[in-house]
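What follows is a short report on a single structure.
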Amino acid sequence: MADNAATTAANTDTQVETAAGEFRRRDFINVAAISAAGVGGAAVLLPLISQMAPSKDVLAESTTELDVSAIEPGQAIKAVFRKQPLFVRRLTPEEIAAADAVPIGDLRDPQTLAERTKEGHTDMLITMGVCTHLGCVPLGAAEGENKGEFGGYFCPCHGSHYDTAARIRKGPAPTNLVVPDYEFTTDTTVVVG
Ligand code: FES
């Protein structure tokens, strides 16, 4: 009997509460249902997307093979290596001489052209096309683009100038354009990575 009285009291409480808070509670139920649908949708989509994209491990080990035979002295191409731009440039004898003429002590990030290229291929300069300041893509790889004050690459974002060995010479970038790991597998084929 006492139990029945308690149940009745509880029911009465609920009814009172329902009358007062009906709108809010119904609202909450709708929001909760929508959120659950949203989460369900995302849960279905995410595995699909992650199946399409290469995993981090695969990407980290991926290589890019390039045929550099068609690049004339003074020309450069833009390629992609691990989803980032890559500059491949065949230097002219004048550009090589200009790079070699710079006293190493004048450089912010001291490196010779020989150290940034492969033996027997000092005319082939391969670097990432990513400014070492804040990651913009510098100009200078495509025909007619501004090569900056030192004839290499110019980053217009904040004015970094790189020389013909893609070494930082002026502006805020702290280091030279990065030379990735690569090797010549034939005289005209390069495998980067
Ligand atoms: S990102 Fe290139 S100068 Fe700032």
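As shown in the structure tokens, the chain order sets the letters A, B, ...; within each chain, residues go from 1, and ligands are also counted from 1 in the order they appear.
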* Asked: Neighbours of ligand 1 within 8 Å, counting only C-alpha atoms and all ligand atoms, as a list in words?
  ->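 Residues satisfying the distance criterion: Val130, Cys131, Thr132, His133, Leu134, Gly135, Cys136, Val137, Pro138, Phe154, Cys155, Pro156, Cys157, His158, Gly159, Ser160, Gly171, Pro172 and Ala173 of chain A.
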Please save N, CA and C atoms of the selected residues as an mmCIF file, in the first residue's frame.
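Final output, out.cif:
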data_model
loop_
_atom_site.group_PDB
_atom_site.id
_atom_site.type_symbol
_atom_site.label_atom_id
_atom_site.label_comp_id
_atom_site.auth_asym_id
_atom_site.auth_seq_id
_atom_site.Cartn_x
_atom_site.Cartn_y
_atom_site.Cartn_z
ATOM 1 N N VAL A 130 59.141 23.939 -50.994
ATOM 2 C CA VAL A 130 58.430 24.405 -49.792
ATOM 3 C C VAL A 130 59.351 25.366 -49.045
ATOM 4 N N CYS A 131 58.921 26.615 -48.938
ATOM 5 C CA CYS A 131 59.732 27.620 -48.249
ATOM 6 C C CYS A 131 59.935 27.193 -46.803
ATOM 7 N N THR A 132 61.179 27.356 -46.325
ATOM 8 C CA THR A 132 61.474 26.899 -44.960
ATOM 9 C C THR A 132 61.038 27.913 -43.904
ATOM 10 N N HIS A 133 60.445 29.015 -44.338
ATOM 11 C CA HIS A 133 59.901 29.963 -43.356
ATOM 12 C C HIS A 133 58.568 29.434 -42.844
ATOM 13 N N LEU A 134 57.518 29.579 -43.664
ATOM 14 C CA LEU A 134 56.206 29.112 -43.191
ATOM 15 C C LEU A 134 55.519 28.199 -44.210
ATOM 16 N N GLY A 135 56.290 27.690 -45.159
ATOM 17 C CA GLY A 135 55.741 26.634 -46.001
ATOM 18 C C GLY A 135 55.068 27.038 -47.296
ATOM 19 N N CYS A 136 55.200 28.281 -47.735
ATOM 20 C CA CYS A 136 54.656 28.649 -49.056
ATOM 21 C C CYS A 136 55.463 27.958 -50.151
ATOM 22 N N VAL A 137 54.889 27.946 -51.348
ATOM 23 C CA VAL A 137 55.613 27.390 -52.496
ATOM 24 C C VAL A 137 56.327 28.549 -53.202
ATOM 25 N N PRO A 138 57.652 28.549 -53.211
ATOM 26 C CA PRO A 138 58.374 29.663 -53.839
ATOM 27 C C PRO A 138 58.178 29.698 -55.351
ATOM 28 N N PHE A 154 62.172 32.546 -55.328
ATOM 29 C CA PHE A 154 61.702 33.676 -54.525
ATOM 30 C C PHE A 154 60.374 33.308 -53.881
ATOM 31 N N CYS A 155 60.302 33.469 -52.581
ATOM 32 C CA CYS A 155 59.032 33.212 -51.894
ATOM 33 C C CYS A 155 58.333 34.542 -51.651
ATOM 34 N N PRO A 156 57.217 34.770 -52.315
ATOM 35 C CA PRO A 156 56.550 36.062 -52.200
ATOM 36 C C PRO A 156 55.779 36.247 -50.890
ATOM 37 N N CYS A 157 55.589 35.179 -50.136
ATOM 38 C CA CYS A 157 54.780 35.316 -48.914
ATOM 39 C C CYS A 157 55.375 36.347 -47.967
ATOM 40 N N HIS A 158 56.679 36.245 -47.699
ATOM 41 C CA HIS A 158 57.323 37.216 -46.805
ATOM 42 C C HIS A 158 58.677 37.645 -47.356
ATOM 43 N N GLY A 159 58.947 37.327 -48.623
ATOM 44 C CA GLY A 159 60.154 37.848 -49.266
ATOM 45 C C GLY A 159 61.442 37.097 -48.961
ATOM 46 N N SER A 160 61.438 35.783 -49.097
ATOM 47 C CA SER A 160 62.689 35.032 -48.953
ATOM 48 C C SER A 160 63.296 34.790 -50.341
ATOM 49 N N GLY A 171 65.866 37.416 -46.450
ATOM 50 C CA GLY A 171 64.479 37.200 -46.042
ATOM 51 C C GLY A 171 64.409 36.305 -44.814
ATOM 52 N N PRO A 172 63.194 36.016 -44.362
ATOM 53 C CA PRO A 172 63.035 35.359 -43.052
ATOM 54 C C PRO A 172 63.261 33.845 -43.018
ATOM 55 N N ALA A 173 63.346 33.188 -44.161
ATOM 56 C CA ALA A 173 63.495 31.717 -44.114
ATOM 57 C C ALA A 173 64.793 31.348 -43.392
#
Quick one: residues within 9 Å of Ala79 (chain A), only C-alpha atoms counted, chain neighbours fewer than 6 positions away excluded, as a compact mmCIF listing (two decimals) with N, CA and C atoms, in the first residue's frame?
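Generated output (part26.txt):
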# COMPACT_ATOMS: atom_id res chain seq x y z
N THR A 64 59.11 8.74 -55.61
CA THR A 64 58.70 9.35 -56.86
C THR A 64 59.81 9.12 -57.87
N LEU A 66 61.43 9.96 -61.53
CA LEU A 66 61.39 11.05 -62.50
C LEU A 66 62.34 10.77 -63.65
N PRO A 85 55.21 19.75 -53.12
CA PRO A 85 55.89 20.11 -54.37
C PRO A 85 57.39 19.86 -54.32
N LEU A 86 57.88 19.44 -55.45
CA LEU A 86 59.31 19.12 -55.58
C LEU A 86 59.83 19.88 -56.80
N PHE A 87 60.95 20.58 -56.66
CA PHE A 87 61.55 21.31 -57.78
C PHE A 87 62.74 20.51 -58.30
N VAL A 88 62.76 20.34 -59.61
CA VAL A 88 63.88 19.64 -60.25
C VAL A 88 64.43 20.58 -61.31
N GLY A 129 59.85 22.00 -52.92
CA GLY A 129 59.36 23.33 -53.29
C GLY A 129 58.55 23.94 -52.17
* To do: Using only C-alpha atoms, find the one residue out of A:Gly148, A:Asp109, A:Val192, A:Asp123 that sits nearest to Leu177 (chain A).
  => A:Asp109
* **CA of Arg82 (chain A) to CA of Glu115 (chain A), straight-line distance in Å** => 23.0 Å
* To do: Counting only C-alpha atoms, figure out which residue out of A:Gly152, A:Gly120, A:Pro93, A:Gly140 gets nearest to Ile168 (chain A).
  => A:Gly152
